[in-house]
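Enquirer: Below is one structure. I have some questions about it.
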Amino acid sequence: MTSQFSKKSEAWSARFSEPVSDLVKRYTASVFFDKRMAAFDIQGSLAHAEMLAAQNIINAQDHADIQRGMTQIQSEIEAGKFEWLLDLEDVHLNIEKRLTELVGDAGKRLHTGRSRNDQVATDIRLYVRSSIDIIVGLLGDFRSALLDLAEQHSDTIMPGFTHMQVAQPITFGHHVLAYVEMFSRDAERMLDCRKRVNRLPLGAAALAGTTFPIDRERVARNLGFDDVCHNSLDAVSDRDFAIEFCAAGALIMTHISRMSEELVIWMSPRVGFIDIADRFCTGSSIMPQKKNPDVPELARGKTGRVNGHLIALLTLMKGQPLAYNKDNQEDKEPLFDTVDTLTDTLRIFADMAGGITVKPEAMRAAALQGYATATDLADYLVKKGLPFRDAHEAVALAVRTCVDKGCDLSDMSLADLQKFSPLVGADVFEVLTLEGSVAARNHIGGTAPQQVRLAIARARQQLAT
Ligand code: ARG
């Protein structure tokens, strides 16, 4: 019996006796978001067709027709002239249908030995791979901008904090370099994830493989994959790589968010360590004096949605039996939004790093409050022979006296300081200076300006390779 839908567009309409409602059609369709993978879908199809021809599964004429049709489709899409139809559910069926319109039977032969299940898994991997390459590049640009900022301030002294209390003096350059470390681990993590992204699912077909004499290695080579996925069931159902990518992305945003929090605090007039260029800030509709650090605040907020996407994907996968299930269609929007949020955020932050004005006087004034050099005084006494615990106690008493008097350690006279330990000599005042304190931490990973400059050089070299 010829189905009443035989003229309809569904690829499977012959099997059905009733169409889906418009609501169900909209509910099950993915074309309005997965069309962003169109270029990868075409790339995957061309590699598949090339292999089918090389294996004599389709003939050379069909192959040529498919290539010609796909070239036209690609330009129609680029020109915004391609008509995306909800009726055709997703990017794969839209492109295949148009190909058949353009080249006839060759278009219908393209899907030989393939299923949308291995096709979509291939498209997503190509998409994630290219996104990783973009993100790693942006992380590099951002780190380079941070290194420039660190270099300008390798001698600028600020208070370092623990528990948000003044702890010890550090250089601003050293502080910035802490973020360079985070973002360089992020790039490493993305590249590690790329290894597991870069395997070819195509050839798994629906779930069990195909009866045609396909050559999967050939397709893998053509698409630049390092290997094929080794189990057809796993190939069509695996989304681990997307989860790993979102996890790495969530960590990038977490680092961005920590930095944002500091930028917001530093820009608060009560702190006044930095100013951020106007192009990253906005005013208030009611308070004329306001200049708000909107970009860091919003980035801190967007971290929540990227973390949410990771949880969405983990939850998407946790109950799925093998192999492909339609649930997997829900992998795309979280993934796409993660990519969009990351790329926008990293681009803006790379630019914003150059728009930060540091206020060294405010940083210095803050470092002079809170007895930031107390540890230096304790270390000084240890070097004169006092056990560290005794030195710690002597300095604690000295600090308490200063707190009562409302002065700094360096404001005390030599005679006053000697009341806490007879080991104190006239050379003590050198170690109580901020410059002396930072310069003394002169080992790899320390805050001494000399180490900051070495660390910058190492990071630049790493970025260049
Ligand atoms: N749009 C689907 C997705 O995003 C493509 C694969 C559909 N496969 C299927 N058997 N319905 O996952």
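Letters A, B, ... mark the chains of the structure tokens in the order given; residue numbers begin at 1 per chain; ligand numbers begin at 1, in order shown.
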Using only C-alpha atoms and all ligand atoms, find each protein or nucleic acid residue lying at most 9 Å from ligand 1; present the set as an MDAnalysis selection string.
Expert: chainID A and resid 28:31 34 89:93 115:121 206 324:332
Enquirer: DSSP says helix (DSSP H, G or I) for which residues of region 252-284 of chain A? Put them as JSON, numbers by chain?
Expert: {"A": [252, 253, 254, 255, 256, 257, 258, 259, 260, 261, 262, 263, 264, 265, 266, 267, 278, 279, 280]}
Enquirer: Could you please take those selected residues and save N, CA and C atoms as a PDB file, in the first residue's frame?
Expert:
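The new file out37.pdb reads:
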ATOM      1  N   ILE A 252      37.522  26.598  33.193  1.00  0.00           N
ATOM      2  CA  ILE A 252      37.976  27.888  32.642  1.00  0.00           C
ATOM      3  C   ILE A 252      37.111  29.010  33.213  1.00  0.00           C
ATOM      4  N   MET A 253      35.802  28.803  33.174  1.00  0.00           N
ATOM      5  CA  MET A 253      34.901  29.849  33.675  1.00  0.00           C
ATOM      6  C   MET A 253      35.078  30.035  35.181  1.00  0.00           C
ATOM      7  N   THR A 254      35.395  28.976  35.893  1.00  0.00           N
ATOM      8  CA  THR A 254      35.633  29.104  37.328  1.00  0.00           C
ATOM      9  C   THR A 254      36.853  29.987  37.584  1.00  0.00           C
ATOM     10  N   HIS A 255      37.873  29.819  36.766  1.00  0.00           N
ATOM     11  CA  HIS A 255      39.063  30.673  36.906  1.00  0.00           C
ATOM     12  C   HIS A 255      38.734  32.124  36.543  1.00  0.00           C
ATOM     13  N   ILE A 256      37.965  32.270  35.464  1.00  0.00           N
ATOM     14  CA  ILE A 256      37.532  33.611  35.057  1.00  0.00           C
ATOM     15  C   ILE A 256      36.727  34.261  36.190  1.00  0.00           C
ATOM     16  N   SER A 257      35.907  33.449  36.835  1.00  0.00           N
ATOM     17  CA  SER A 257      35.033  33.967  37.888  1.00  0.00           C
ATOM     18  C   SER A 257      35.845  34.389  39.117  1.00  0.00           C
ATOM     19  N   ARG A 258      36.860  33.612  39.451  1.00  0.00           N
ATOM     20  CA  ARG A 258      37.710  33.993  40.591  1.00  0.00           C
ATOM     21  C   ARG A 258      38.418  35.309  40.288  1.00  0.00           C
ATOM     22  N   MET A 259      38.919  35.412  39.080  1.00  0.00           N
ATOM     23  CA  MET A 259      39.583  36.658  38.697  1.00  0.00           C
ATOM     24  C   MET A 259      38.587  37.814  38.718  1.00  0.00           C
ATOM     25  N   SER A 260      37.395  37.562  38.234  1.00  0.00           N
ATOM     26  CA  SER A 260      36.365  38.607  38.192  1.00  0.00           C
ATOM     27  C   SER A 260      36.069  39.124  39.591  1.00  0.00           C
ATOM     28  N   GLU A 261      35.951  38.186  40.504  1.00  0.00           N
ATOM     29  CA  GLU A 261      35.681  38.555  41.898  1.00  0.00           C
ATOM     30  C   GLU A 261      36.762  39.510  42.403  1.00  0.00           C
ATOM     31  N   GLU A 262      38.012  39.220  42.071  1.00  0.00           N
ATOM     32  CA  GLU A 262      39.100  40.095  42.523  1.00  0.00           C
ATOM     33  C   GLU A 262      39.040  41.452  41.830  1.00  0.00           C
ATOM     34  N   LEU A 263      38.749  41.429  40.545  1.00  0.00           N
ATOM     35  CA  LEU A 263      38.669  42.706  39.814  1.00  0.00           C
ATOM     36  C   LEU A 263      37.590  43.598  40.420  1.00  0.00           C
ATOM     37  N   VAL A 264      36.458  42.975  40.750  1.00  0.00           N
ATOM     38  CA  VAL A 264      35.353  43.745  41.329  1.00  0.00           C
ATOM     39  C   VAL A 264      35.773  44.344  42.680  1.00  0.00           C
ATOM     40  N   ILE A 265      36.421  43.519  43.492  1.00  0.00           N
ATOM     41  CA  ILE A 265      36.880  44.017  44.805  1.00  0.00           C
ATOM     42  C   ILE A 265      37.925  45.119  44.610  1.00  0.00           C
ATOM     43  N   TRP A 266      38.869  44.874  43.744  1.00  0.00           N
ATOM     44  CA  TRP A 266      39.953  45.853  43.535  1.00  0.00           C
ATOM     45  C   TRP A 266      39.432  47.182  43.013  1.00  0.00           C
ATOM     46  N   MET A 267      38.351  47.104  42.233  1.00  0.00           N
ATOM     47  CA  MET A 267      37.834  48.353  41.654  1.00  0.00           C
ATOM     48  C   MET A 267      36.895  49.084  42.603  1.00  0.00           C
ATOM     49  N   ASP A 278      36.661  52.280  30.640  1.00  0.00           N
ATOM     50  CA  ASP A 278      35.222  52.552  30.529  1.00  0.00           C
ATOM     51  C   ASP A 278      34.499  51.587  29.599  1.00  0.00           C
ATOM     52  N   ARG A 279      35.199  51.097  28.568  1.00  0.00           N
ATOM     53  CA  ARG A 279      34.484  50.272  27.593  1.00  0.00           C
ATOM     54  C   ARG A 279      34.051  48.918  28.164  1.00  0.00           C
ATOM     55  N   PHE A 280      34.472  48.593  29.381  1.00  0.00           N
ATOM     56  CA  PHE A 280      34.033  47.345  30.017  1.00  0.00           C
ATOM     57  C   PHE A 280      33.086  47.603  31.197  1.00  0.00           C
TER      58      PHE A 280
END
Enquirer: Which of region 148-188 of chain A end up as strand (DSSP E) when DSSP is run on this backbone - answer as a PyMOL selection string?
Expert: chain A and resi 157-162+165-171
Enquirer: Excluding Arg400 (chain A) and its own-chain neighbours fewer than 6 positions away, which residues fall within 12 Å of it when counting only C-alpha atoms? Please give them as an MDAnalysis selection string.
Expert: chainID A and resid 370:371 374 393:394 406:409 420
Enquirer: I want to know what sits within 9 Å of region 210-224 of chain A, based on only C-alpha atoms, with residues of the same chain fewer than 4 positions away left out; could you give that as a CSV table (one decimal) with N, CA, C and O atoms, in the first residue's frame?
Expert:
chain,number,residue,atom,x,y,z
A,43,GLN,N,31.3,18.1,5.5
A,43,GLN,CA,32.7,17.6,5.5
A,43,GLN,C,32.7,16.1,5.8
A,43,GLN,O,33.3,15.3,5.1
A,44,GLY,N,31.8,15.7,6.8
A,44,GLY,CA,31.7,14.2,7.1
A,44,GLY,C,31.1,13.4,5.9
A,44,GLY,O,31.6,12.3,5.6
A,47,ALA,N,33.6,12.9,3.1
A,47,ALA,CA,34.6,11.9,3.4
A,47,ALA,C,34.0,10.5,3.3
A,47,ALA,O,34.6,9.6,2.8
A,48,HIS,N,32.8,10.4,3.7
A,48,HIS,CA,32.0,9.1,3.6
A,48,HIS,C,31.9,8.8,2.1
A,48,HIS,O,32.1,7.6,1.7
A,50,GLU,N,33.6,9.8,-0.5
A,50,GLU,CA,34.9,9.5,-1.1
A,50,GLU,C,35.3,8.0,-0.8
A,50,GLU,O,35.7,7.3,-1.7
A,51,MET,N,35.0,7.6,0.4
A,51,MET,CA,35.3,6.2,0.8
A,51,MET,C,34.4,5.2,0.0
A,51,MET,O,34.8,4.2,-0.5
A,52,LEU,N,33.1,5.6,0.0
A,52,LEU,CA,32.1,4.7,-0.7
A,52,LEU,C,32.6,4.5,-2.2
A,52,LEU,O,32.5,3.4,-2.7
A,54,ALA,N,35.8,4.9,-3.4
A,54,ALA,CA,37.0,4.2,-3.4
A,54,ALA,C,36.8,2.7,-3.2
A,54,ALA,O,37.6,1.9,-3.7
A,55,GLN,N,35.8,2.3,-2.5
A,55,GLN,CA,35.5,0.9,-2.2
A,55,GLN,C,34.5,0.3,-3.2
A,55,GLN,O,34.0,-0.8,-3.0
A,56,ASN,N,34.2,1.1,-4.3
A,56,ASN,CA,33.2,0.7,-5.3
A,56,ASN,C,31.8,0.4,-4.8
A,56,ASN,O,31.1,-0.4,-5.3
A,57,ILE,N,31.5,1.1,-3.7
A,57,ILE,CA,30.1,0.9,-3.2
A,57,ILE,C,29.2,1.9,-3.9
A,57,ILE,O,28.0,1.6,-4.2
A,112,THR,N,24.2,5.3,2.2
A,112,THR,CA,24.6,3.8,2.2
A,112,THR,C,25.6,3.5,3.3
A,112,THR,O,26.6,4.2,3.4
A,113,GLY,N,25.4,2.5,4.1
A,113,GLY,CA,26.4,2.1,5.1
A,113,GLY,C,26.5,3.1,6.2
A,113,GLY,O,27.5,3.1,6.9
A,114,ARG,N,25.6,4.0,6.4
A,114,ARG,CA,25.7,5.1,7.4
A,114,ARG,C,24.3,5.2,8.1
A,114,ARG,O,23.3,4.9,7.5
A,126,LEU,N,33.6,16.7,15.2
A,126,LEU,CA,34.3,17.7,14.4
A,126,LEU,C,34.1,19.1,14.9
A,126,LEU,O,35.0,20.0,15.0
A,198,ASN,N,39.1,13.2,19.2
A,198,ASN,CA,39.6,13.0,17.8
A,198,ASN,C,39.6,11.6,17.3
A,198,ASN,O,40.6,11.1,16.8
A,199,ARG,N,38.4,10.9,17.5
A,199,ARG,CA,38.3,9.5,17.0
A,199,ARG,C,37.0,9.4,16.3
A,199,ARG,O,36.0,10.0,16.6
A,200,LEU,N,37.0,8.6,15.2
A,200,LEU,CA,35.9,8.6,14.3
A,200,LEU,C,34.8,7.5,14.6
A,200,LEU,O,35.1,6.3,14.6
A,201,PRO,N,33.6,8.0,14.8
A,201,PRO,CA,32.5,7.1,15.0
A,201,PRO,C,31.9,6.5,13.7
A,201,PRO,O,31.3,5.4,13.7
A,202,LEU,N,32.1,7.2,12.6
A,202,LEU,CA,31.4,6.9,11.4
A,202,LEU,C,31.9,5.4,11.0
A,202,LEU,O,33.0,5.1,11.1
A,203,GLY,N,30.9,4.7,10.5
A,203,GLY,CA,31.1,3.2,10.2
A,203,GLY,C,30.4,2.4,11.2
A,203,GLY,O,30.1,1.2,11.0
A,204,ALA,N,30.1,3.0,12.4
A,204,ALA,CA,29.3,2.2,13.4
A,204,ALA,C,27.8,2.1,12.9
A,204,ALA,O,27.1,1.2,13.3
A,205,ALA,N,27.5,2.9,11.9
A,205,ALA,CA,26.1,2.9,11.4
A,205,ALA,C,25.1,3.1,12.5
A,205,ALA,O,25.3,3.9,13.4
A,206,ALA,N,24.0,2.4,12.5
A,206,ALA,CA,23.0,2.6,13.5
A,206,ALA,C,23.5,2.2,14.9
A,206,ALA,O,23.3,3.0,15.9
A,228,VAL,N,39.9,5.3,14.8
A,228,VAL,CA,38.4,5.1,14.7
A,228,VAL,C,38.0,4.7,16.1
A,228,VAL,O,38.7,4.2,16.9
Enquirer: With distances taken over only C-alpha atoms, which of A:Met352, A:Leu23, A:Ala366, A:Met182 is nearest to Val166 (chain A)?
Expert: A:Ala366
Enquirer: Expressed in Å to a single decimal, how great is the separation between CA of Tyr380 (chain A) and CA of Val428 (chain A)?
Expert: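 Answer for the CA of Tyr380 (chain A) to CA of Val428 (chain A) separation: 7.5 Å.
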Enquirer: Would you mind listing, for every residue of region 185-247 of chain A within 12 Å of region 176-181 of chain A, the two atoms forming the shortest contact and the distance between them in Å to one decimal, using only C-alpha atoms, sorted by chain and ascending residue number, as a tab-separated table?
Expert:
residue	atom	partner	partner_atom	distance
A:Arg185	CA	A:Glu181	CA	6.3
A:Asp186	CA	A:Glu181	CA	8.6
A:Ala187	CA	A:Glu181	CA	10.0
A:Glu188	CA	A:Glu181	CA	10.6
Enquirer: Using only C-alpha atoms, which residues sit within 7 Å of region 140-142 of chain A once same-chain residues fewer than 5 positions away are excluded, as a ChimeraX atom specification?
Expert: /A:346,349-350,463
Enquirer: Please produce an output containing N, CA, C and O atoms for each residue in the selection, written as a PDB file, in the first residue's frame.
Expert:
ATOM      1  N   LEU A 346      36.469  34.844  26.746  1.00  0.00           N
ATOM      2  CA  LEU A 346      37.935  34.898  26.604  1.00  0.00           C
ATOM      3  C   LEU A 346      38.360  36.063  25.707  1.00  0.00           C
ATOM      4  O   LEU A 346      39.354  36.730  25.973  1.00  0.00           O
ATOM      5  N   PHE A 349      37.999  39.206  27.811  1.00  0.00           N
ATOM      6  CA  PHE A 349      38.983  39.297  28.899  1.00  0.00           C
ATOM      7  C   PHE A 349      40.390  39.586  28.374  1.00  0.00           C
ATOM      8  O   PHE A 349      41.168  40.285  29.030  1.00  0.00           O
ATOM      9  N   ALA A 350      40.710  39.047  27.204  1.00  0.00           N
ATOM     10  CA  ALA A 350      42.039  39.325  26.635  1.00  0.00           C
ATOM     11  C   ALA A 350      42.168  40.822  26.371  1.00  0.00           C
ATOM     12  O   ALA A 350      43.209  41.435  26.617  1.00  0.00           O
ATOM     13  N   LEU A 463      54.349  29.711  25.525  1.00  0.00           N
ATOM     14  CA  LEU A 463      53.290  30.138  24.605  1.00  0.00           C
ATOM     15  C   LEU A 463      53.757  30.100  23.157  1.00  0.00           C
ATOM     16  O   LEU A 463      52.956  29.846  22.255  1.00  0.00           O
TER      17      LEU A 463
END
Enquirer: Using only C-alpha atoms, can you tell me which of A:His63, A:His174, A:Ala39, A:Phe336 comes closest to Ser75 (chain A)?
Expert: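 The answer is A:Ala39, which sits nearest to Ser75 (chain A).
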Enquirer: What's the 12 Å shell around region 306-315 of chain A, counting only C-alpha atoms, without same-chain residues fewer than 4 positions away, as JSON, numbers by chain?
Expert: {"A": [238, 239, 240, 241, 242, 243, 244, 245, 246, 247, 248, 249, 250, 251, 252, 253, 254, 256, 257, 299, 300, 301, 302, 319, 320, 327, 328, 329, 330, 331, 332, 333, 334, 335, 336, 337, 338, 339, 340, 341, 342, 345]}
